[in-house]
file start_14.txt (compact mmCIF, C-alpha atoms)
# COMPACT_ATOMS: atom_id res chain seq x y z
CA MET A 1 0.00 0.00 0.00
CA ASP A 2 1.56 3.30 -1.12
CA ILE A 3 1.33 5.77 1.76
CA ASN A 4 3.19 8.66 3.34
CA PRO A 5 6.04 7.34 5.57
CA LEU A 6 4.57 9.24 8.53
CA PHE A 7 1.67 6.80 8.48
CA ARG A 8 3.70 3.63 7.95
CA LEU A 9 3.98 1.06 10.72
CA ASP A 10 6.99 -0.86 9.45
CA GLY A 11 8.97 -2.58 12.19
CA LYS A 12 6.28 -1.99 14.82
CA THR A 13 4.34 -4.66 16.70
CA VAL A 14 0.65 -3.99 17.30
CA LEU A 15 -1.56 -5.84 19.77
CA VAL A 16 -5.27 -5.89 18.93
CA THR A 17 -7.65 -7.34 21.55
CA GLY A 18 -11.03 -8.77 20.63
CA ALA A 19 -9.60 -9.42 17.16
CA SER A 20 -11.63 -12.48 16.17
CA SER A 21 -14.44 -10.53 14.50
CA GLY A 22 -16.00 -7.15 13.78
CA ILE A 23 -14.02 -3.98 14.43
CA GLY A 24 -11.08 -5.82 16.02
CA LYS A 25 -10.63 -8.15 13.06
CA HIS A 26 -10.87 -5.23 10.65
CA CYS A 27 -8.34 -3.14 12.60
CA ALA A 28 -5.83 -6.00 12.66
CA THR A 29 -6.18 -6.76 8.96
CA PHE A 30 -5.93 -3.11 7.98
CA LEU A 31 -2.89 -2.29 10.13
CA ALA A 32 -1.05 -5.38 8.90
CA GLN A 33 -1.16 -3.89 5.40
CA LEU A 34 0.73 -0.84 6.66
CA GLY A 35 3.77 -2.89 7.64
CA ALA A 36 2.91 -3.74 11.24
CA LYS A 37 3.54 -7.10 12.87
CA LEU A 38 0.21 -8.10 14.40
CA ALA A 39 -0.41 -9.82 17.72
CA ILE A 40 -4.10 -10.66 17.71
CA ALA A 41 -5.79 -11.75 20.92
CA SER A 42 -9.12 -13.17 22.02
CA ARG A 43 -10.57 -15.60 24.56
CA ARG A 44 -10.96 -18.26 21.88
CA ILE A 45 -7.65 -18.63 20.08
CA ASP A 46 -9.18 -21.04 17.54
CA LYS A 47 -11.37 -18.25 16.16
CA LEU A 48 -8.27 -16.17 15.45
CA GLN A 49 -6.67 -18.62 13.04
CA SER A 50 -8.72 -17.45 10.07
CA VAL A 51 -7.65 -13.87 10.80
CA VAL A 52 -3.99 -14.95 10.86
CA GLU A 53 -4.52 -16.66 7.50
CA ASP A 54 -6.27 -13.61 6.01
CA ILE A 55 -3.40 -11.37 7.06
CA ALA A 56 -0.85 -13.81 5.62
CA GLN A 57 -2.69 -13.84 2.28
CA LEU A 58 -2.37 -10.05 2.21
CA GLY A 59 1.37 -10.34 2.73
CA GLY A 60 1.32 -9.45 6.42
CA GLN A 61 2.51 -11.18 9.57
CA ALA A 62 0.35 -12.11 12.53
CA LYS A 63 0.28 -14.47 15.49
CA ALA A 64 -2.68 -15.44 17.68
CA PHE A 65 -2.63 -15.22 21.48
CA GLU A 66 -5.19 -16.43 23.99
CA LEU A 67 -6.43 -13.59 26.20
CA ASP A 68 -9.30 -13.06 28.63
CA VAL A 69 -9.17 -9.32 29.25
CA THR A 70 -11.27 -9.66 32.42
CA ASN A 71 -8.66 -11.84 34.13
CA GLN A 72 -5.40 -10.28 35.32
CA LYS A 73 -3.54 -13.60 35.28
CA SER A 74 -4.58 -14.15 31.66
CA VAL A 75 -3.45 -10.62 30.75
CA MET A 76 -0.05 -11.10 32.39
CA LYS A 77 0.39 -14.53 30.78
CA CYS A 78 -0.40 -13.06 27.37
CA PHE A 79 2.19 -10.30 27.81
CA ASP A 80 4.76 -12.85 29.02
CA GLU A 81 4.20 -14.78 25.79
CA LEU A 82 4.37 -11.58 23.78
CA ALA A 83 7.72 -10.73 25.36
CA HIS A 84 9.17 -13.90 23.82
CA TRP A 85 7.74 -13.00 20.42
CA SER A 86 7.71 -9.20 20.16
CA LEU A 87 6.65 -6.65 22.77
CA PRO A 88 3.91 -4.49 21.23
CA THR A 89 4.56 -0.76 21.24
CA ILE A 90 1.06 -0.08 19.90
CA VAL A 91 -2.04 -1.46 21.62
CA ILE A 92 -5.53 -1.33 20.11
CA ASN A 93 -7.75 -1.96 23.14
CA ASN A 94 -10.85 -3.21 21.35
CA ALA A 95 -12.34 -6.13 23.31
CA GLY A 96 -15.93 -5.34 24.26
CA MET A 97 -19.49 -6.59 24.53
CA SER A 98 -23.02 -5.51 25.39
CA VAL A 99 -26.21 -6.96 26.86
CA ASN A 100 -29.44 -5.54 25.47
CA ARG A 101 -31.94 -5.38 28.31
CA LYS A 102 -34.01 -2.63 29.90
CA LEU A 103 -32.62 -1.13 33.11
CA LEU A 104 -35.18 -2.71 35.46
CA ASP A 105 -34.66 -6.13 33.86
CA GLN A 106 -30.87 -6.09 34.04
CA THR A 107 -29.10 -8.41 36.44
CA GLU A 108 -25.92 -8.17 38.46
CA GLU A 109 -24.46 -10.73 36.05
CA ASP A 110 -25.24 -8.43 33.11
CA TRP A 111 -23.49 -5.55 34.87
CA ASP A 112 -20.41 -7.56 35.83
CA GLN A 113 -20.04 -9.14 32.41
CA VAL A 114 -20.17 -5.86 30.49
CA ILE A 115 -18.25 -3.65 32.92
CA ASP A 116 -15.54 -6.28 33.44
CA THR A 117 -15.02 -6.75 29.71
CA ASN A 118 -15.33 -3.17 28.48
CA LEU A 119 -13.84 -1.14 31.33
CA LYS A 120 -11.87 -3.40 33.66
CA GLY A 121 -10.48 -5.27 30.65
CA CYS A 122 -9.41 -2.06 28.98
CA TRP A 123 -7.70 -0.96 32.20
CA LEU A 124 -5.94 -4.29 32.75
CA VAL A 125 -4.54 -4.50 29.22
CA ALA A 126 -3.54 -0.83 29.00
CA THR A 127 -1.83 -0.72 32.38
CA GLU A 128 0.04 -3.99 31.84
CA ALA A 129 1.24 -2.75 28.45
CA ALA A 130 2.30 0.54 30.02
CA ARG A 131 4.22 -1.21 32.82
CA ARG A 132 6.17 -3.31 30.32
CA LEU A 133 6.95 -0.32 28.12
CA ALA A 134 7.95 1.93 31.03
CA ALA A 135 10.20 -0.78 32.50
CA THR A 136 12.22 -0.90 29.27
CA ASN A 137 12.11 2.85 28.59
CA THR A 138 10.21 2.12 25.38
CA PRO A 139 7.85 4.78 23.97
CA GLY A 140 4.37 3.42 23.36
CA ASN A 141 0.96 4.19 21.99
CA ILE A 142 -2.38 2.95 23.33
CA VAL A 143 -5.62 3.40 21.41
CA ASN A 144 -8.75 2.59 23.41
CA ILE A 145 -11.85 1.79 21.36
CA ALA A 146 -14.67 3.58 23.18
CA SER A 147 -17.97 4.66 21.57
CA ILE A 148 -20.04 7.75 20.99
CA LEU A 149 -22.16 6.28 23.80
CA GLY A 150 -19.36 7.35 26.07
CA GLY A 151 -20.66 10.86 25.46
CA ARG A 152 -24.40 10.36 25.07
CA VAL A 153 -27.01 7.87 26.28
CA ILE A 154 -29.61 5.50 24.88
CA GLY A 155 -31.89 3.08 26.70
CA GLY A 156 -31.57 -0.66 26.99
CA VAL A 157 -27.78 -0.88 27.27
CA ALA A 158 -26.97 0.95 30.50
CA PRO A 159 -23.86 -1.05 31.49
CA TYR A 160 -22.42 -0.57 27.99
CA VAL A 161 -23.00 3.20 28.04
CA ILE A 162 -21.48 3.49 31.52
CA SER A 163 -18.49 1.35 30.60
CA LYS A 164 -17.70 3.41 27.50
CA ALA A 165 -17.96 6.66 29.45
CA GLY A 166 -15.47 5.09 31.83
CA VAL A 167 -13.14 4.22 28.93
CA VAL A 168 -13.16 7.87 27.84
CA GLN A 169 -12.14 9.03 31.32
CA LEU A 170 -9.63 6.18 31.68
CA THR A 171 -8.01 7.36 28.44
CA LYS A 172 -7.60 10.88 29.78
CA VAL A 173 -6.23 9.77 33.16
CA MET A 174 -3.74 7.42 31.53
CA ALA A 175 -2.66 10.11 29.08
CA LEU A 176 -1.93 12.44 31.99
CA GLU A 177 0.05 9.94 34.05
CA LEU A 178 1.90 8.14 31.26
CA ALA A 179 3.13 11.12 29.26
CA ARG A 180 6.32 11.21 31.36
CA TYR A 181 7.12 7.71 30.06
CA GLN A 182 6.56 8.77 26.42
CA ILE A 183 3.42 6.63 26.26
CA ARG A 184 0.49 8.20 24.42
CA VAL A 185 -3.13 7.22 25.10
CA ASN A 186 -6.02 8.25 22.88
CA ALA A 187 -9.55 6.98 22.25
CA LEU A 188 -11.47 6.25 19.07
CA LEU A 189 -15.23 6.74 19.40
CA PRO A 190 -17.09 4.92 16.62
CA GLY A 191 -20.72 5.65 15.94
CA TYR A 192 -22.98 2.97 14.48
CA VAL A 193 -20.77 0.71 12.33
CA ILE A 194 -22.30 -1.88 10.03
CA THR A 195 -21.05 -5.38 10.85
CA ASP A 196 -22.39 -8.88 10.25
CA LEU A 197 -23.82 -8.89 13.77
CA ASN A 198 -25.93 -5.72 13.47
CA ARG A 199 -26.62 -5.46 9.75
CA ASP A 200 -30.19 -6.79 9.96
CA PHE A 201 -31.04 -4.53 12.89
CA LEU A 202 -29.68 -1.40 11.21
CA GLN A 203 -31.80 -2.17 8.16
CA SER A 204 -34.93 -2.64 10.30
CA GLU A 205 -37.50 0.02 11.12
CA ALA A 206 -35.80 0.65 14.48
CA GLY A 207 -32.45 1.04 12.74
CA GLN A 208 -33.85 3.49 10.25
CA LYS A 209 -35.13 5.65 13.12
CA ILE A 210 -31.55 5.82 14.40
CA LEU A 211 -30.34 6.69 10.92
CA ALA A 212 -32.72 9.66 10.81
CA ARG A 213 -30.93 11.16 13.84
CA ILE A 214 -27.51 11.11 12.18
CA PRO A 215 -26.76 14.39 10.34
CA SER A 216 -24.92 12.62 7.52
CA ARG A 217 -27.83 10.18 7.14
CA ARG A 218 -25.49 7.20 6.86
CA PHE A 219 -24.10 4.48 9.08
CA ASN A 220 -20.36 3.89 9.13
CA ASN A 221 -18.76 1.08 7.21
CA LEU A 222 -15.75 -0.60 8.78
CA GLU A 223 -13.55 1.14 6.20
CA ASP A 224 -14.63 4.53 7.57
CA LEU A 225 -12.56 3.79 10.67
CA ASN A 226 -9.33 3.33 8.70
CA GLY A 227 -8.18 6.94 8.50
CA PRO A 228 -8.89 7.91 12.13
CA LEU A 229 -7.46 4.61 13.39
CA LEU A 230 -4.28 5.04 11.37
CA LEU A 231 -3.92 8.62 12.58
CA LEU A 232 -4.01 7.52 16.23
CA ALA A 233 -1.92 4.38 15.73
CA SER A 234 0.86 6.01 13.72
CA ASP A 235 3.47 8.68 14.34
CA ALA A 236 1.22 11.11 12.50
CA SER A 237 -0.41 11.73 15.91
CA LYS A 238 2.85 11.97 17.89
CA ALA A 239 1.70 15.25 19.50
CA MET A 240 -1.70 13.82 20.50
CA THR A 241 -2.49 12.25 23.85
CA GLY A 242 -5.70 12.29 25.86
CA ALA A 243 -7.69 12.96 22.68
CA THR A 244 -11.05 11.44 21.78
CA VAL A 245 -11.79 11.11 18.08
CA ALA A 246 -15.42 10.50 17.09
CA VAL A 247 -16.22 8.74 13.83
CA ASP A 248 -19.99 9.03 13.73
CA GLY A 249 -21.23 11.13 10.82
CA GLY A 250 -21.98 13.99 13.22
CA HIS A 251 -24.19 11.96 15.57
CA LEU A 252 -22.61 13.34 18.74
CA VAL A 253 -23.34 16.92 17.76
CA SER A 254 -26.90 16.26 16.60
CA GLY A 255 -28.48 16.54 20.05
CA LEU A 256 -30.89 13.73 19.10
call {"tool": "encode", "arguments": {"input": "start_14.txt", "output": "structure tokens"}}
result
Amino acid sequence: MDINPLFRLDGKTVLVTGASSGIGKHCATFLAQLGAKLAIASRRIDKLQSVVEDIAQLGGQAKAFELDVTNQKSVMKCFDELAHWSLPTIVINNAGMSVNRKLLDQTEEDWDQVIDTNLKGCWLVATEAARRLAATNTPGNIVNIASILGGRVIGGVAPYVISKAGVVQLTKVMALELARYQIRVNALLPGYVITDLNRDFLQSEAGQKILARIPSRRFNNLEDLNGPLLLLASDASKAMTGATVAVDGGHLVSGL
């Protein structure tokens, strides 16, 4: 891929969590084409093998690692294994989930599952990466995948909304404290992105009502994330830390 050297990732190792499908899989495949060496991680390592193969077919290099972001021992084990392969200097903190249920019907299990994955998991991975980088005096770059729901609310997914608001604040706190170690931390805030999991819903009547609230009158495709993701992941954003970049067709500013 012919691209300005400022945006190239040659010689850099990138860790992408939650990389078996959706946004994580897309991020890993895209960044591999820019010269990065990809460490892709998920709870089910078997589901990552097709991603490794896809990246190889595109001429890239990737290796799969088992990782449960909600478990500190699993996070530390994954980073120990990474240290023997290649310590990532760029982390795309993408692992996440949601439970769709009205507030009064939600359970403690719903809360724990979503908050532990989206917020605690983001914290565990980011801080472990930062410790390893700081210990070796290695500059680093962490990109947390949040959501526009970190800045606005909708019903039916309260733990998800709360977790993503937490990721936004976590990003800012980490940016403040890690700048002295030359570790940057920024957040990407996608709006509604069409994936295989939500395609039918977004095409439904309920989905079209959401579409009517977006000023650009379009949902994002996965490819719409490429430019903003590359900006944050590359040296093109070397003066940015603590920033939140929304990719939402203007949804956050719509007030609807």
call {"tool": "closest_atom_pairs", "arguments": {"input": "start_14.txt", "of": "range 165-196 of chain A", "to": "range 242-246 of chain A", "cutoff": "6 Å", "atoms": "all atoms listed in the file", "output": "JSON lines"}}
result
{"residue": "A:Lys172", "atom": "CA", "partner": "A:Gly242", "partner_atom": "CA", "distance": 4.6}
{"residue": "A:Ala175", "atom": "CA", "partner": "A:Gly242", "partner_atom": "CA", "distance": 4.9}
{"residue": "A:Val185", "atom": "CA", "partner": "A:Gly242", "partner_atom": "CA", "distance": 5.7}
{"residue": "A:Asn186", "atom": "CA", "partner": "A:Ala243", "partner_atom": "CA", "distance": 5.0}
{"residue": "A:Ala187", "atom": "CA", "partner": "A:Thr244", "partner_atom": "CA", "distance": 4.7}
{"residue": "A:Leu188", "atom": "CA", "partner": "A:Val245", "partner_atom": "CA", "distance": 5.0}
{"residue": "A:Leu189", "atom": "CA", "partner": "A:Ala246", "partner_atom": "CA", "distance": 4.4}
{"residue": "A:Pro190", "atom": "CA", "partner": "A:Ala246", "partner_atom": "CA", "distance": 5.8}
call {"tool": "residues_around", "arguments": {"input": "start_14.txt", "residues": "Gln57 in chain A", "least_positions_apart": "4", "cutoff": "12 Å", "atoms": "only C-alpha atoms", "output": "list of chain:residue names"}}
result
A:Thr29, A:Ala32, A:Gln33, A:Ser50, A:Val51, A:Val52, A:Glu53, A:Gln61, A:Ala62
call {"tool": "residues_around", "arguments": {"input": "start_14.txt", "residues": "range 66-71 of chain A", "least_positions_apart": "3", "cutoff": "12 Å", "atoms": "all atoms listed in the file", "output": "NGL selection string"}}
result
:A and (15-20 or 39-49 or 63 or 74-82 or 93-97 or 112-128)
call {"tool": "residues_around", "arguments": {"input": "start_14.txt", "residues": "Arg132 in chain A", "least_positions_apart": "2", "cutoff": "10 Å", "atoms": "all atoms listed in the file", "output": "VMD selection string"}}
result
chain A and resid 79 to 80 83 87 to 89 127 to 130 134 to 138 140
call {"tool": "write_last_selection", "arguments": {"input": "start_14.txt", "atoms": "C-alpha atoms", "output": "compact mmCIF listing (two decimals), in the frame of the given file"}}
result
# COMPACT_ATOMS: atom_id res chain seq x y z
CA PHE A 79 2.19 -10.30 27.81
CA ASP A 80 4.76 -12.85 29.02
CA ALA A 83 7.72 -10.73 25.36
CA LEU A 87 6.65 -6.65 22.77
CA PRO A 88 3.91 -4.49 21.23
CA THR A 89 4.56 -0.76 21.24
CA THR A 127 -1.83 -0.72 32.38
CA GLU A 128 0.04 -3.99 31.84
CA ALA A 129 1.24 -2.75 28.45
CA ALA A 130 2.30 0.54 30.02
CA ALA A 134 7.95 1.93 31.03
CA ALA A 135 10.20 -0.78 32.50
CA THR A 136 12.22 -0.90 29.27
CA ASN A 137 12.11 2.85 28.59
CA THR A 138 10.21 2.12 25.38
CA GLY A 140 4.37 3.42 23.36
call {"tool": "closest_residue", "arguments": {"input": "start_14.txt", "among": "A:Phe30, A:Leu104, A:Val153, A:Thr13", "to": "Trp85 in chain A", "atoms": "all atoms listed in the file"}}
result
A:Thr13
call {"tool": "residues_near_point", "arguments": {"input": "start_14.txt", "point": "(0.5, 4.0, 15.6)", "cutoff": "7 Å", "atoms": "all atoms listed in the file", "output": "PyMOL selection string"}}
result
chain A and resi 9+90+141+230+232-235
call {"tool": "residues_near_point", "arguments": {"input": "start_14.txt", "point": "(-12.9, 3.7, 11.0)", "cutoff": "9 Å", "atoms": "only C-alpha atoms", "output": "VMD selection string"}}
result
chain A and resid 23 27 188 190 193 220 to 230 247
call {"tool": "closest_residue", "arguments": {"input": "start_14.txt", "among": "A:Ala158, A:Ile92, A:Met174, A:Leu197", "to": "Ala146 in chain A", "atoms": "all atoms listed in the file"}}
result
A:Ile92
call {"tool": "closest_residue", "arguments": {"input": "start_14.txt", "among": "A:Lys164, A:Lys25, A:Arg152, A:Arg184", "to": "Ser254 in chain A", "atoms": "only C-alpha atoms"}}
result
A:Arg152
call {"tool": "residues_around", "arguments": {"input": "start_14.txt", "residues": "Ala236 in chain A", "least_positions_apart": "4", "cutoff": "8 Å", "atoms": "only C-alpha atoms", "output": "list of chain:residue names"}}
result
A:Leu6, A:Phe7, A:Leu231, A:Leu232
call {"tool": "closest_residue", "arguments": {"input": "start_14.txt", "among": "A:Val143, A:Lys37, A:Lys209, A:Leu252", "to": "Gly24 in chain A", "atoms": "all atoms listed in the file"}}
result
A:Val143
call {"tool": "atom_distance", "arguments": {"input": "start_14.txt", "atom1": "CA of Gly155 in chain A", "atom2": "CA of Lys102 in chain A"}}
result
6.9 Å
call {"tool": "closest_residue", "arguments": {"input": "start_14.txt", "among": "A:Ser147, A:Thr107, A:Ser237, A:Ser86", "to": "Tyr160 in chain A", "atoms": "all atoms listed in the file"}}
result
A:Ser147
call {"tool": "closest_residue", "arguments": {"input": "start_14.txt", "among": "A:Leu211, A:Ile148, A:Ile183, A:Val161", "to": "Ala239 in chain A", "atoms": "all atoms listed in the file"}}
result
A:Ile183
call {"tool": "atom_distance", "arguments": {"input": "start_14.txt", "atom1": "CA of Asp248 in chain A", "atom2": "CA of Gly150 in chain A"}}
result
12.5 Å
call {"tool": "build_atoms", "arguments": {"input": "start_14.txt", "residues": "range 124-137 of chain A", "atoms": "N, CA and C atoms", "output": "PDB file, in the coordinates of the input"}}
result
ATOM      1  N   LEU A 124      -6.950  -3.253  32.521  1.00  0.00           N
ATOM      2  CA  LEU A 124      -5.940  -4.290  32.750  1.00  0.00           C
ATOM      3  C   LEU A 124      -4.937  -4.368  31.607  1.00  0.00           C
ATOM      4  N   VAL A 125      -5.427  -4.375  30.380  1.00  0.00           N
ATOM      5  CA  VAL A 125      -4.540  -4.500  29.220  1.00  0.00           C
ATOM      6  C   VAL A 125      -3.674  -3.251  29.072  1.00  0.00           C
ATOM      7  N   ALA A 126      -4.286  -2.080  29.187  1.00  0.00           N
ATOM      8  CA  ALA A 126      -3.540  -0.830  29.000  1.00  0.00           C
ATOM      9  C   ALA A 126      -2.469  -0.648  30.062  1.00  0.00           C
ATOM     10  N   THR A 127      -2.810  -0.933  31.316  1.00  0.00           N
ATOM     11  CA  THR A 127      -1.830  -0.720  32.380  1.00  0.00           C
ATOM     12  C   THR A 127      -0.697  -1.753  32.320  1.00  0.00           C
ATOM     13  N   GLU A 128      -1.020  -2.982  31.952  1.00  0.00           N
ATOM     14  CA  GLU A 128       0.040  -3.990  31.840  1.00  0.00           C
ATOM     15  C   GLU A 128       0.976  -3.642  30.688  1.00  0.00           C
ATOM     16  N   ALA A 129       0.405  -3.197  29.569  1.00  0.00           N
ATOM     17  CA  ALA A 129       1.240  -2.750  28.450  1.00  0.00           C
ATOM     18  C   ALA A 129       2.130  -1.592  28.878  1.00  0.00           C
ATOM     19  N   ALA A 130       1.548  -0.638  29.594  1.00  0.00           N
ATOM     20  CA  ALA A 130       2.300   0.540  30.020  1.00  0.00           C
ATOM     21  C   ALA A 130       3.432   0.165  30.984  1.00  0.00           C
ATOM     22  N   ARG A 131       3.172  -0.779  31.893  1.00  0.00           N
ATOM     23  CA  ARG A 131       4.220  -1.210  32.820  1.00  0.00           C
ATOM     24  C   ARG A 131       5.399  -1.819  32.066  1.00  0.00           C
ATOM     25  N   ARG A 132       5.095  -2.648  31.080  1.00  0.00           N
ATOM     26  CA  ARG A 132       6.170  -3.310  30.320  1.00  0.00           C
ATOM     27  C   ARG A 132       6.960  -2.287  29.504  1.00  0.00           C
ATOM     28  N   LEU A 133       6.272  -1.338  28.914  1.00  0.00           N
ATOM     29  CA  LEU A 133       6.950  -0.320  28.120  1.00  0.00           C
ATOM     30  C   LEU A 133       7.797   0.589  29.010  1.00  0.00           C
ATOM     31  N   ALA A 134       7.218   1.033  30.124  1.00  0.00           N
ATOM     32  CA  ALA A 134       7.950   1.930  31.030  1.00  0.00           C
ATOM     33  C   ALA A 134       9.186   1.241  31.606  1.00  0.00           C
ATOM     34  N   ALA A 135       9.090  -0.051  31.906  1.00  0.00           N
ATOM     35  CA  ALA A 135      10.200  -0.780  32.500  1.00  0.00           C
ATOM     36  C   ALA A 135      11.395  -0.895  31.559  1.00  0.00           C
ATOM     37  N   THR A 136      11.134  -0.801  30.265  1.00  0.00           N
ATOM     38  CA  THR A 136      12.220  -0.900  29.270  1.00  0.00           C
ATOM     39  C   THR A 136      12.505   0.439  28.601  1.00  0.00           C
ATOM     40  N   ASN A 137      11.925   1.509  29.160  1.00  0.00           N
ATOM     41  CA  ASN A 137      12.110   2.850  28.590  1.00  0.00           C
ATOM     42  C   ASN A 137      11.756   2.891  27.101  1.00  0.00           C
TER      43      ASN A 137
END
